[in-house]
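Shown here: my_file_32.tsv, TSV, C-alpha atoms.
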chain	number	residue	atom	x	y	z
M	1	MET	CA	14.77	15.98	-37.24
M	2	THR	CA	11.40	14.54	-36.17
M	3	ARG	CA	9.01	12.14	-37.85
M	4	GLY	CA	6.29	14.76	-37.60
M	5	LYS	CA	4.55	16.64	-34.81
M	6	LEU	CA	4.63	14.50	-31.65
M	7	SER	CA	0.98	13.80	-30.95
M	8	ILE	CA	-0.76	11.73	-28.26
M	9	LEU	CA	-4.12	10.12	-29.02
M	10	ALA	CA	-5.81	8.39	-26.08
M	11	CYS	CA	-8.44	5.72	-26.31
M	12	GLU	CA	-11.05	6.08	-23.58
M	13	SER	CA	-9.61	3.32	-21.37
M	14	GLY	CA	-6.09	4.65	-21.94
M	15	ARG	CA	-6.73	8.29	-21.02
M	16	HIS	CA	-5.48	8.00	-17.43
M	17	PHE	CA	-2.06	6.66	-18.46
M	18	ALA	CA	-1.93	8.90	-21.55
M	19	LYS	CA	-2.32	12.06	-19.46
M	20	LYS	CA	0.50	10.93	-17.18
M	21	ILE	CA	2.77	10.39	-20.19
M	22	LEU	CA	1.74	13.74	-21.65
M	23	ASP	CA	2.61	15.53	-18.40
M	24	GLU	CA	6.03	13.84	-18.33
M	25	ILE	CA	6.81	14.87	-21.92
M	26	ILE	CA	5.83	18.45	-21.08
M	27	LYS	CA	8.10	18.33	-18.00
M	28	LYS	CA	10.96	17.41	-20.32
M	29	ASN	CA	10.12	20.54	-22.35
M	30	GLY	CA	8.87	18.37	-25.15
M	31	ASP	CA	6.76	19.86	-27.91
M	32	VAL	CA	3.64	17.69	-27.85
M	33	ARG	CA	-0.09	17.95	-28.47
M	34	PHE	CA	-2.99	15.95	-27.12
M	35	ILE	CA	-5.30	15.03	-29.99
M	36	SER	CA	-8.99	15.71	-29.46
M	37	SER	CA	-10.90	12.49	-30.04
M	38	SER	CA	-13.89	10.51	-28.82
M	39	GLU	CA	-15.28	6.98	-28.82
M	40	VAL	CA	-18.79	6.32	-30.02
M	41	LYS	CA	-20.67	3.32	-28.62
M	42	PHE	CA	-23.69	2.09	-30.52
M	43	ALA	CA	-26.73	0.38	-29.01
M	44	ASN	CA	-25.69	-2.96	-30.53
M	45	THR	CA	-22.23	-2.64	-28.80
M	46	GLU	CA	-20.37	-1.57	-31.98
M	47	ARG	CA	-17.67	1.06	-31.42
M	48	LYS	CA	-15.81	3.63	-33.44
M	49	SER	CA	-13.16	6.28	-32.77
M	50	VAL	CA	-13.51	9.83	-34.07
M	51	ILE	CA	-10.53	12.19	-34.44
M	52	LYS	CA	-11.69	15.81	-34.14
M	53	GLU	CA	-8.72	17.65	-35.65
M	54	SER	CA	-6.26	17.34	-38.49
M	55	ILE	CA	-3.33	15.02	-37.85
M	56	ARG	CA	-1.99	14.93	-41.40
M	57	GLY	CA	1.78	14.33	-41.31
M	58	ALA	CA	1.83	13.84	-37.52
M	59	ASP	CA	3.80	11.28	-35.50
M	60	VAL	CA	0.88	9.74	-33.58
M	61	TYR	CA	1.12	7.63	-30.41
M	62	ILE	CA	-2.16	5.87	-29.60
M	63	ILE	CA	-2.38	4.84	-25.94
M	64	GLN	CA	-4.77	2.13	-24.81
M	65	ASP	CA	-5.02	0.20	-21.54
M	66	VAL	CA	-6.90	-2.89	-22.69
M	67	GLU	CA	-7.11	-4.18	-19.10
M	68	ASN	CA	-8.85	-1.06	-17.78
M	69	SER	CA	-12.44	-2.09	-17.09
M	70	ALA	CA	-13.34	0.98	-15.01
M	71	ASN	CA	-15.76	2.16	-17.74
M	72	GLY	CA	-17.30	-1.30	-18.02
M	73	CYS	CA	-15.37	-2.38	-21.11
M	74	SER	CA	-13.87	-5.82	-21.62
M	75	VAL	CA	-10.44	-6.58	-23.06
M	76	ASP	CA	-12.07	-7.36	-26.40
M	77	GLU	CA	-14.03	-4.09	-26.43
M	78	ASN	CA	-10.91	-2.11	-25.57
M	79	LEU	CA	-8.97	-3.94	-28.27
M	80	ARG	CA	-11.69	-3.07	-30.80
M	81	ALA	CA	-11.55	0.59	-29.73
M	82	LEU	CA	-7.78	0.54	-30.25
M	83	LYS	CA	-8.10	-0.88	-33.76
M	84	THR	CA	-10.72	1.69	-34.76
M	85	ALA	CA	-8.42	4.45	-33.44
M	86	ILE	CA	-5.48	3.12	-35.48
M	87	ASP	CA	-7.64	2.92	-38.59
M	88	ALA	CA	-8.95	6.44	-38.02
M	89	ALA	CA	-5.39	7.79	-37.67
M	90	TRP	CA	-4.31	6.01	-40.85
M	91	ARG	CA	-7.29	7.32	-42.80
M	92	SER	CA	-6.51	10.82	-41.43
M	93	ASP	CA	-3.07	10.56	-43.08
M	94	ALA	CA	-0.87	10.41	-39.97
M	95	ASN	CA	2.77	10.11	-40.97
M	96	TYR	CA	3.63	7.39	-38.42
M	97	ILE	CA	1.40	5.43	-36.03
M	98	THR	CA	2.71	3.87	-32.81
M	99	THR	CA	0.44	2.01	-30.41
M	100	ILE	CA	1.21	2.02	-26.68
M	101	ILE	CA	-0.37	-1.08	-25.10
M	102	PRO	CA	1.09	-1.61	-21.59
M	103	VAL	CA	-0.58	-5.04	-21.30
M	104	PHE	CA	-0.42	-6.88	-24.61
M	105	PRO	CA	-3.80	-8.62	-25.09
M	106	TYR	CA	-3.88	-12.42	-25.31
M	107	ALA	CA	-0.13	-12.59	-24.57
M	108	ARG	CA	-0.58	-15.84	-22.64
M	109	GLN	CA	-2.10	-17.50	-25.69
M	110	ASP	CA	1.27	-17.59	-27.42
M	111	LYS	CA	1.67	-21.29	-28.22
M	112	GLN	CA	-0.41	-24.19	-29.42
M	113	LYS	CA	-1.17	-27.26	-27.36
M	114	GLY	CA	-3.67	-29.43	-29.14
M	115	ARG	CA	-6.64	-28.10	-31.10
M	116	GLU	CA	-6.43	-24.41	-30.27
M	117	GLY	CA	-5.43	-21.19	-31.92
M	118	ILE	CA	-2.41	-19.00	-31.21
M	119	THR	CA	-4.47	-15.94	-30.40
M	120	ALA	CA	-1.48	-13.71	-29.60
M	121	ALA	CA	-0.40	-14.12	-33.23
M	122	ALA	CA	-3.93	-13.30	-34.46
M	123	VAL	CA	-3.98	-10.12	-32.33
M	124	ALA	CA	-0.57	-9.07	-33.69
M	125	ARG	CA	-1.87	-9.42	-37.24
M	126	GLU	CA	-5.05	-7.47	-36.41
M	127	ILE	CA	-3.08	-4.55	-34.98
M	128	GLU	CA	-0.65	-4.26	-37.85
M	129	ASP	CA	-3.39	-4.84	-40.45
M	130	ALA	CA	-5.10	-1.78	-38.97
M	131	HIS	CA	-1.89	0.05	-40.10
M	132	ALA	CA	0.11	0.42	-36.88
M	133	ASN	CA	3.79	0.97	-37.69
M	134	ARG	CA	5.07	0.14	-34.22
M	135	VAL	CA	3.76	-1.53	-31.05
M	136	ILE	CA	5.16	-0.75	-27.59
M	137	THR	CA	4.28	-2.85	-24.55
M	138	LEU	CA	5.61	-3.56	-21.06
M	139	ASP	CA	7.20	-6.85	-19.95
M	140	VAL	CA	5.29	-9.02	-22.40
M	141	HIS	CA	4.60	-12.57	-21.19
M	142	ASN	CA	6.72	-14.13	-23.93
M	143	THR	CA	9.23	-12.10	-25.95
M	144	SER	CA	8.79	-14.46	-28.91
M	145	ILE	CA	5.53	-12.57	-29.57
M	146	ALA	CA	7.74	-10.11	-31.48
M	147	GLY	CA	8.01	-12.79	-34.15
M	148	PHE	CA	4.25	-12.71	-34.74
M	149	PHE	CA	4.53	-9.28	-36.36
M	150	ARG	CA	5.27	-9.30	-40.08
M	151	LYS	CA	5.55	-5.56	-40.73
M	152	ALA	CA	5.10	-3.55	-37.55
M	153	LYS	CA	8.08	-3.08	-35.22
M	154	PHE	CA	7.66	-4.44	-31.69
M	155	GLU	CA	9.27	-2.92	-28.59
M	156	ASP	CA	9.11	-4.58	-25.17
M	157	LEU	CA	9.89	-2.15	-22.33
M	158	HIS	CA	10.94	-3.32	-18.86
M	159	ALA	CA	9.79	-1.91	-15.51
M	160	SER	CA	12.73	-3.42	-13.60
M	161	LYS	CA	14.76	-0.21	-13.39
M	162	ASN	CA	11.83	1.77	-11.96
M	163	ILE	CA	11.07	-0.95	-9.41
M	164	ILE	CA	14.73	-1.44	-8.46
M	165	ASP	CA	15.13	2.31	-7.96
M	166	TYR	CA	12.06	2.25	-5.69
M	167	ILE	CA	13.55	-0.56	-3.60
M	168	LYS	CA	16.90	1.21	-3.29
M	169	CYS	CA	15.18	4.43	-2.22
M	170	HIS	CA	13.16	2.69	0.51
M	171	LYS	CA	15.94	1.18	2.60
M	172	LYS	CA	13.82	1.34	5.75
M	173	MET	CA	11.38	-1.09	4.16
M	174	PHE	CA	13.91	-3.40	2.49
M	175	ASN	CA	16.89	-4.90	4.29
M	176	LEU	CA	19.06	-5.63	1.25
M	177	GLU	CA	21.67	-7.48	3.33
M	178	ASN	CA	19.06	-10.06	4.32
M	179	LEU	CA	17.16	-10.12	1.03
M	180	VAL	CA	16.98	-12.96	-1.51
M	181	ILE	CA	15.33	-12.76	-4.93
M	182	MET	CA	12.99	-15.49	-6.12
M	183	PRO	CA	11.00	-15.99	-9.35
M	184	PRO	CA	7.63	-17.80	-8.95
M	185	ASP	CA	8.74	-20.33	-11.59
M	186	LEU	CA	11.83	-21.21	-13.60
M	187	GLY	CA	10.59	-19.17	-16.56
M	188	GLY	CA	11.15	-16.01	-14.53
M	189	ALA	CA	14.77	-16.88	-13.71
M	190	PRO	CA	16.45	-14.42	-16.15
M	191	LYS	CA	14.46	-11.48	-14.80
M	192	ALA	CA	15.08	-12.52	-11.18
M	193	LYS	CA	18.79	-12.87	-11.94
M	194	HIS	CA	18.81	-9.28	-13.22
M	195	TYR	CA	17.20	-8.06	-9.98
M	196	ALA	CA	19.68	-10.04	-7.88
M	197	LYS	CA	22.60	-8.56	-9.80
M	198	GLN	CA	21.35	-4.98	-9.52
M	199	LEU	CA	20.49	-5.30	-5.82
M	200	LYS	CA	23.67	-7.31	-5.14
M	201	THR	CA	21.89	-10.10	-3.36
M	202	ARG	CA	21.30	-13.84	-3.66
M	203	LEU	CA	18.97	-15.80	-5.91
M	204	VAL	CA	16.71	-18.75	-5.01
M	205	PHE	CA	14.14	-20.52	-7.15
M	206	ALA	CA	10.54	-21.67	-6.94
M	207	TYR	CA	9.50	-24.59	-9.10
M	208	LYS	CA	5.88	-25.39	-9.97
M	209	ASP	CA	4.10	-28.26	-11.66
M	210	ARG	CA	0.98	-26.98	-13.42
M	211	ASN	CA	-1.91	-28.81	-15.09
M	212	TYR	CA	-2.33	-26.70	-18.23
M	213	ASP	CA	-5.62	-28.38	-19.10
M	214	VAL	CA	-7.28	-26.51	-16.21
M	215	PRO	CA	-7.10	-22.66	-16.20
M	216	ASN	CA	-5.18	-21.11	-13.28
M	217	SER	CA	-4.52	-24.50	-11.66
M	218	LEU	CA	-1.39	-25.35	-9.67
M	219	GLU	CA	-0.33	-28.84	-8.71
M	220	SER	CA	2.67	-28.26	-6.43
M	221	THR	CA	5.35	-25.73	-5.51
M	222	GLN	CA	8.91	-26.38	-4.36
M	223	ILE	CA	11.71	-23.98	-3.43
M	224	VAL	CA	15.34	-24.56	-4.37
M	225	GLY	CA	17.65	-22.53	-2.11
M	226	GLU	CA	17.68	-21.26	1.46
M	227	VAL	CA	14.99	-18.79	2.55
M	228	LYS	CA	14.90	-19.57	6.27
M	229	GLY	CA	15.39	-16.37	8.26
M	230	ARG	CA	15.59	-14.36	5.03
M	231	ASP	CA	13.45	-11.62	3.53
M	232	VAL	CA	12.20	-12.74	0.13
M	233	LEU	CA	11.40	-10.60	-2.92
M	234	ILE	CA	9.31	-12.52	-5.46
M	235	ILE	CA	9.70	-11.15	-9.00
M	236	ASP	CA	6.97	-11.65	-11.60
M	237	ASP	CA	5.80	-9.97	-14.78
M	238	MET	CA	2.10	-10.18	-13.96
M	239	ILE	CA	-0.35	-10.89	-11.15
M	240	ASP	CA	-3.67	-12.08	-12.55
M	241	THR	CA	-5.72	-14.23	-10.15
M	242	ALA	CA	-2.78	-14.48	-7.67
M	243	GLU	CA	-3.21	-18.27	-7.43
M	244	THR	CA	0.44	-18.97	-8.27
M	245	LEU	CA	1.65	-16.08	-6.13
M	246	ILE	CA	-0.17	-17.12	-2.96
M	247	ASN	CA	1.04	-20.72	-3.31
M	248	VAL	CA	4.65	-19.52	-3.61
M	249	VAL	CA	4.20	-17.14	-0.64
M	250	LYS	CA	2.80	-19.98	1.48
M	251	LYS	CA	5.68	-22.26	0.54
M	252	ALA	CA	8.27	-19.60	1.33
M	253	LYS	CA	6.64	-18.98	4.70
M	254	GLU	CA	6.58	-22.72	5.45
M	255	ASN	CA	10.30	-22.79	4.67
M	256	GLY	CA	10.99	-20.11	7.28
M	257	ALA	CA	11.03	-16.86	5.29
M	258	LYS	CA	10.65	-13.69	7.37
M	259	LYS	CA	9.21	-10.83	5.31
M	260	ILE	CA	7.90	-11.60	1.83
M	261	TYR	CA	7.55	-8.93	-0.85
M	262	VAL	CA	6.31	-9.17	-4.41
M	263	ALA	CA	7.26	-6.96	-7.36
M	264	CYS	CA	5.45	-7.12	-10.68
M	265	SER	CA	5.12	-4.92	-13.75
M	266	LEU	CA	1.45	-5.64	-14.40
M	267	ALA	CA	-0.77	-5.82	-11.32
M	268	LEU	CA	-4.05	-6.95	-12.88
M	269	PHE	CA	-5.71	-8.41	-9.76
M	270	ASN	CA	-8.52	-10.27	-11.53
M	271	GLY	CA	-11.06	-12.65	-9.99
M	272	ASN	CA	-10.67	-12.82	-6.21
M	273	ALA	CA	-6.97	-11.86	-6.29
M	274	LEU	CA	-7.46	-8.90	-3.92
M	275	GLU	CA	-9.20	-11.11	-1.39
M	276	LYS	CA	-6.38	-13.68	-1.49
M	277	ILE	CA	-3.63	-11.08	-1.19
M	278	THR	CA	-5.37	-9.16	1.60
M	279	LYS	CA	-5.84	-12.41	3.54
M	280	ALA	CA	-2.12	-13.24	3.16
M	281	TYR	CA	-1.23	-9.70	4.28
M	282	GLU	CA	-3.49	-9.87	7.34
M	283	LYS	CA	-1.98	-13.22	8.31
M	284	GLY	CA	1.47	-11.64	8.17
M	285	HIS	CA	2.57	-13.89	5.29
M	286	LEU	CA	2.90	-11.06	2.77
M	287	THR	CA	4.40	-7.66	3.57
M	288	ALA	CA	3.87	-5.70	0.34
M	289	VAL	CA	3.15	-5.91	-3.38
M	290	ILE	CA	4.89	-3.45	-5.69
M	291	GLY	CA	3.17	-2.75	-9.01
M	292	THR	CA	3.27	-0.05	-11.68
M	293	ASP	CA	0.77	2.48	-13.00
M	294	ALA	CA	0.82	0.77	-16.40
M	295	VAL	CA	-2.37	-0.88	-15.12
M	296	TYR	CA	-5.05	1.53	-13.94
M	297	HIS	CA	-6.26	1.43	-10.33
M	298	LYS	CA	-8.65	3.96	-8.84
M	299	ASN	CA	-7.29	6.84	-6.78
M	300	ASP	CA	-8.30	5.27	-3.45
M	301	PHE	CA	-6.87	1.85	-4.30
M	302	GLN	CA	-3.65	2.21	-2.28
M	303	GLU	CA	-5.58	3.68	0.65
M	304	ASN	CA	-7.97	0.72	0.66
M	305	ASN	CA	-5.16	-1.80	0.14
M	306	PRO	CA	-2.25	-0.77	2.38
M	307	TRP	CA	-0.13	-3.67	1.13
M	308	TYR	CA	0.03	-2.16	-2.38
M	309	LYS	CA	2.84	0.19	-3.43
M	310	GLU	CA	2.70	1.78	-6.90
M	311	VAL	CA	5.70	2.80	-9.00
M	312	SER	CA	5.16	5.08	-11.99
M	313	VAL	CA	6.55	4.12	-15.40
M	314	ALA	CA	5.00	7.12	-17.18
M	315	SER	CA	8.32	8.98	-17.34
M	316	TYR	CA	9.95	5.89	-18.84
M	317	PHE	CA	7.33	5.67	-21.60
M	318	ALA	CA	7.60	9.43	-22.17
M	319	GLU	CA	11.36	9.15	-22.70
M	320	VAL	CA	10.93	6.31	-25.19
M	321	ILE	CA	8.28	8.27	-27.10
M	322	SER	CA	10.40	11.45	-27.19
M	323	ARG	CA	13.42	9.57	-28.50
M	324	LEU	CA	11.42	7.79	-31.18
M	325	ASN	CA	9.92	11.07	-32.34
M	326	HIS	CA	13.44	12.48	-32.78
M	327	SER	CA	14.73	9.27	-34.42
M	328	LYS	CA	17.12	8.62	-31.53
M	329	SER	CA	18.25	5.24	-30.22
M	330	ILE	CA	16.18	3.59	-27.47
M	331	SER	CA	18.34	0.47	-27.11
M	332	LYS	CA	19.66	1.45	-23.67
M	333	LEU	CA	16.09	1.98	-22.45
M	334	LEU	CA	15.20	-1.59	-23.48
M	335	GLU	CA	18.03	-3.30	-21.61

Just give me the structure of the file as structure tokens.
Amino acid sequence: MTRGKLSILACESGRHFAKKILDEIIKKNGDVRFISSSEVKFANTERKSVIKESIRGADVYIIQDVENSANGCSVDENLRALKTAIDAAWRSDANYITTIIPVFPYARQDKQKGREGITAAAVAREIEDAHANRVITLDVHNTSIAGFFRKAKFEDLHASKNIIDYIKCHKKMFNLENLVIMPPDLGGAPKAKHYAKQLKTRLVFAYKDRNYDVPNSLESTQIVGEVKGRDVLIIDDMIDTAETLINVVKKAKENGAKKIYVACSLALFNGNALEKITKAYEKGHLTAVIGTDAVYHKNDFQENNPWYKEVSVASYFAEVISRLNHSKSISKLLE
């Protein structure tokens, strides 16, 4: 029993990831259709989404990569495109509307410190007010964001299994007997502990003091645990400007670490992040960064940045979507 015809609707910035998911569903012999749609951009920067076929009674999954700026769109413009697509699907009488947003927008604005808004909560309301029934994202910055939704269901997927499988399959690159796992801050300890348990290795910690009044600032970094002579795998949910990452890498190297790897779900690489990481790689401080295809990078990105290794999570998303369409449990896929 399904909730309607399984249908994929891709926003313009989400088409790359949507097509990967579609291919994976087809590989699993899933009955799926790709909805014909387009985005219209007006001269005054307004946007709207147009659905070109009937979707009445369909189970619609709208895929949008808000961080994909390849077509010149900002996060806000991509978010607006997503909301117009949700509204269009609702007005076209879709039976159920699920939004796939690998990087949840404004996730780091999840708490109030002084005279400021909690923008993550505002975004949650905007998405569900547009009539989304469910929101699916990947390794959200703070899981308490689920509490910002009043009506829509919120699912937070985890890329850890895909990344761990990659590490286990590349034993020539990773010496697990000499490897220690380290989060870049104490907030990442639970995730790092999971990696350490699955890879059967030790856990060390990095501790940072940050001045939150200044964006992307870092006051100091300390490491608790022995990394001398060890290979270190730093686990993080996101790499944005890489300021925190490079400081932790430097500290680990100063403490005698041999090879240093980084694994993250969302490799955004904003600002001069690529320059910083490439410099650390060329100095021999950083061996590799493992990211996922939940964030779009151009086809020649890995060729131009030999330190980057990409793991696909498209099959993972496809499995979640297929199970939801057939009203099957996804709890094991969320662990």

Kindly indicate which residue among M:Ile260, M:Ala70, M:Met173, M:Ile21 lies nearest to M:Lys283, using all atoms listed in the file for the distances.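 The answer is M:Ile260, which sits nearest to M:Lys283.
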
For a quick check of understanding, using all atoms listed in the file, which of M:Lys328, M:Arg230, M:Lys5, M:Lys161 has the smallest distance to M:Val313?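 Looking at the shortest contact to M:Val313, the residue is M:Lys161.
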
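You will find atom CA of M:Asp93 at 27.6 Å from atom CA of M:Leu138.
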
Report as JSON, numbers by chain all protein, DNA and RNA residues lying within 12 Å of M:Ile86, evaluated on only C-alpha atoms, omitting residues in the same chain fewer than 4 positions from it. {"M": [9, 10, 11, 48, 49, 50, 51, 60, 61, 62, 63, 64, 79, 80, 81, 82, 90, 91, 92, 93, 94, 96, 97, 98, 99, 100, 126, 127, 128, 129, 130, 131, 132, 133, 134, 135]}

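With distances restricted to only C-alpha atoms, M:Leu6 is the closest residue to M:Asn95 from M:Ala152, M:Leu6, M:Ile145, M:Ala189.
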
Pick from M:Gly147, M:Pro306, M:Gly114, M:Gly291, whichever lies nearest to M:Leu266 using only C-alpha atoms: M:Gly291

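Of note, atom CA of M:Asp76 and atom CA of M:Glu53 are spaced 26.9 Å apart.
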
So which residues touch M:Phe269 within 8 Å, counting only C-alpha atoms, skipping near sequence neighbours fewer than 6 positions away, as an MDAnalysis selection string? chainID M and resid 239:242

Restrict the selected residues to C-alpha atoms and save them as a compact mmCIF listing (two decimals), in the coordinates of the input.
# COMPACT_ATOMS: atom_id res chain seq x y z
CA ILE M 239 -0.35 -10.89 -11.15
CA ASP M 240 -3.67 -12.08 -12.55
CA THR M 241 -5.72 -14.23 -10.15
CA ALA M 242 -2.78 -14.48 -7.67

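Considering all atoms listed in the file, the residue among M:Asn68, M:Asn305, M:Asn255, M:Asn325 positioned nearest to M:Asp293 is M:Asn68.
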
Please provide the set of residues having any atom within 7 Å of stretch 248-254 of chain M, restricted to all atoms listed in the file, with same-chain residues fewer than 5 positions apart removed, written as a VMD selection string. chain M and resid 184 221 227 285

For the point (15.5, 15.6, -33.0) in the file's frame, write as number ranges by chain all residues with an atom no more than 10 Å away, counting all atoms listed in the file. M: 1-3, 322-328

Output file request: stretch 201-288 of chain M, with C-alpha atoms, as a PDB file, in the first residue's frame.
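The result, written out as part_12.pdb:
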ATOM      1  CA  THR M 201      39.482   2.354  17.716  1.00  0.00           C
ATOM      2  CA  ARG M 202      40.243   4.972  20.365  1.00  0.00           C
ATOM      3  CA  LEU M 203      38.710   8.372  20.987  1.00  0.00           C
ATOM      4  CA  VAL M 204      40.462  11.673  21.784  1.00  0.00           C
ATOM      5  CA  PHE M 205      38.984  15.150  22.095  1.00  0.00           C
ATOM      6  CA  ALA M 206      39.635  18.660  20.837  1.00  0.00           C
ATOM      7  CA  TYR M 207      38.399  21.538  22.953  1.00  0.00           C
ATOM      8  CA  LYS M 208      37.913  25.066  21.628  1.00  0.00           C
ATOM      9  CA  ASP M 209      37.145  28.433  23.175  1.00  0.00           C
ATOM     10  CA  ARG M 210      35.208  30.571  20.699  1.00  0.00           C
ATOM     11  CA  ASN M 211      34.208  34.249  20.768  1.00  0.00           C
ATOM     12  CA  TYR M 212      30.625  34.005  19.504  1.00  0.00           C
ATOM     13  CA  ASP M 213      30.373  37.771  19.067  1.00  0.00           C
ATOM     14  CA  VAL M 214      32.688  37.513  16.040  1.00  0.00           C
ATOM     15  CA  PRO M 215      31.628  35.220  13.130  1.00  0.00           C
ATOM     16  CA  ASN M 216      33.943  32.249  12.451  1.00  0.00           C
ATOM     17  CA  SER M 217      36.407  33.302  15.165  1.00  0.00           C
ATOM     18  CA  LEU M 218      38.443  30.873  17.265  1.00  0.00           C
ATOM     19  CA  GLU M 219      40.286  31.777  20.430  1.00  0.00           C
ATOM     20  CA  SER M 220      42.220  28.600  21.270  1.00  0.00           C
ATOM     21  CA  THR M 221      42.309  24.847  20.677  1.00  0.00           C
ATOM     22  CA  GLN M 222      43.466  22.114  23.044  1.00  0.00           C
ATOM     23  CA  ILE M 223      43.600  18.328  22.619  1.00  0.00           C
ATOM     24  CA  VAL M 224      42.733  15.902  25.395  1.00  0.00           C
ATOM     25  CA  GLY M 225      44.260  12.478  24.707  1.00  0.00           C
ATOM     26  CA  GLU M 226      47.337  11.065  23.008  1.00  0.00           C
ATOM     27  CA  VAL M 227      47.795  11.658  19.272  1.00  0.00           C
ATOM     28  CA  LYS M 228      51.595  11.460  19.072  1.00  0.00           C
ATOM     29  CA  GLY M 229      52.600   8.898  16.446  1.00  0.00           C
ATOM     30  CA  ARG M 230      48.931   8.229  15.646  1.00  0.00           C
ATOM     31  CA  ASP M 231      46.816   8.721  12.549  1.00  0.00           C
ATOM     32  CA  VAL M 232      43.899  11.003  13.381  1.00  0.00           C
ATOM     33  CA  LEU M 233      40.406  11.034  11.855  1.00  0.00           C
ATOM     34  CA  ILE M 234      38.572  14.274  12.651  1.00  0.00           C
ATOM     35  CA  ILE M 235      34.783  13.861  12.527  1.00  0.00           C
ATOM     36  CA  ASP M 236      32.517  16.840  11.840  1.00  0.00           C
ATOM     37  CA  ASP M 237      29.037  17.455  10.483  1.00  0.00           C
ATOM     38  CA  MET M 238      30.016  20.411   8.306  1.00  0.00           C
ATOM     39  CA  ILE M 239      33.001  22.249   6.852  1.00  0.00           C
ATOM     40  CA  ASP M 240      32.095  25.862   6.119  1.00  0.00           C
ATOM     41  CA  THR M 241      35.073  28.263   6.111  1.00  0.00           C
ATOM     42  CA  ALA M 242      37.415  25.555   7.531  1.00  0.00           C
ATOM     43  CA  GLU M 243      38.705  27.966  10.195  1.00  0.00           C
ATOM     44  CA  THR M 244      37.967  25.563  13.058  1.00  0.00           C
ATOM     45  CA  LEU M 245      39.179  22.569  11.070  1.00  0.00           C
ATOM     46  CA  ILE M 246      42.575  24.026  10.176  1.00  0.00           C
ATOM     47  CA  ASN M 247      43.187  25.118  13.772  1.00  0.00           C
ATOM     48  CA  VAL M 248      42.445  21.591  15.012  1.00  0.00           C
ATOM     49  CA  VAL M 249      44.653  20.065  12.283  1.00  0.00           C
ATOM     50  CA  LYS M 250      47.527  22.378  13.253  1.00  0.00           C
ATOM     51  CA  LYS M 251      47.149  21.504  16.925  1.00  0.00           C
ATOM     52  CA  ALA M 252      47.087  17.773  16.203  1.00  0.00           C
ATOM     53  CA  LYS M 253      50.208  18.102  14.072  1.00  0.00           C
ATOM     54  CA  GLU M 254      51.960  20.099  16.810  1.00  0.00           C
ATOM     55  CA  ASN M 255      51.105  17.273  19.211  1.00  0.00           C
ATOM     56  CA  GLY M 256      52.850  14.728  16.991  1.00  0.00           C
ATOM     57  CA  ALA M 257      50.035  13.262  14.872  1.00  0.00           C
ATOM     58  CA  LYS M 258      51.176  11.406  11.740  1.00  0.00           C
ATOM     59  CA  LYS M 259      48.460  11.369   9.080  1.00  0.00           C
ATOM     60  CA  ILE M 260      45.376  13.518   9.621  1.00  0.00           C
ATOM     61  CA  TYR M 261      42.071  12.820   7.871  1.00  0.00           C
ATOM     62  CA  VAL M 262      38.763  14.633   8.051  1.00  0.00           C
ATOM     63  CA  ALA M 263      35.287  13.186   7.478  1.00  0.00           C
ATOM     64  CA  CYS M 264      32.204  15.367   7.210  1.00  0.00           C
ATOM     65  CA  SER M 265      28.666  14.996   5.919  1.00  0.00           C
ATOM     66  CA  LEU M 266      28.359  18.487   4.455  1.00  0.00           C
ATOM     67  CA  ALA M 267      31.454  19.794   2.674  1.00  0.00           C
ATOM     68  CA  LEU M 268      30.377  23.371   1.942  1.00  0.00           C
ATOM     69  CA  PHE M 269      33.840  24.940   1.474  1.00  0.00           C
ATOM     70  CA  ASN M 270      32.748  28.578   1.642  1.00  0.00           C
ATOM     71  CA  GLY M 271      34.969  31.665   1.702  1.00  0.00           C
ATOM     72  CA  ASN M 272      38.636  30.731   1.292  1.00  0.00           C
ATOM     73  CA  ALA M 273      38.165  27.223   2.730  1.00  0.00           C
ATOM     74  CA  LEU M 274      39.641  25.518  -0.358  1.00  0.00           C
ATOM     75  CA  GLU M 275      42.747  27.679  -0.164  1.00  0.00           C
ATOM     76  CA  LYS M 276      43.259  26.847   3.527  1.00  0.00           C
ATOM     77  CA  ILE M 277      42.729  23.120   3.050  1.00  0.00           C
ATOM     78  CA  THR M 278      44.944  22.932  -0.043  1.00  0.00           C
ATOM     79  CA  LYS M 279      47.723  24.748   1.826  1.00  0.00           C
ATOM     80  CA  ALA M 280      47.453  22.280   4.744  1.00  0.00           C
ATOM     81  CA  TYR M 281      47.524  19.379   2.266  1.00  0.00           C
ATOM     82  CA  GLU M 282      50.586  20.718   0.444  1.00  0.00           C
ATOM     83  CA  LYS M 283      52.394  21.180   3.762  1.00  0.00           C
ATOM     84  CA  GLY M 284      51.695  17.531   4.579  1.00  0.00           C
ATOM     85  CA  HIS M 285      49.518  18.446   7.570  1.00  0.00           C
ATOM     86  CA  LEU M 286      46.303  17.081   6.061  1.00  0.00           C
ATOM     87  CA  THR M 287      46.079  13.820   4.122  1.00  0.00           C
ATOM     88  CA  ALA M 288      42.454  13.770   2.925  1.00  0.00           C
TER      89      ALA M 288
END
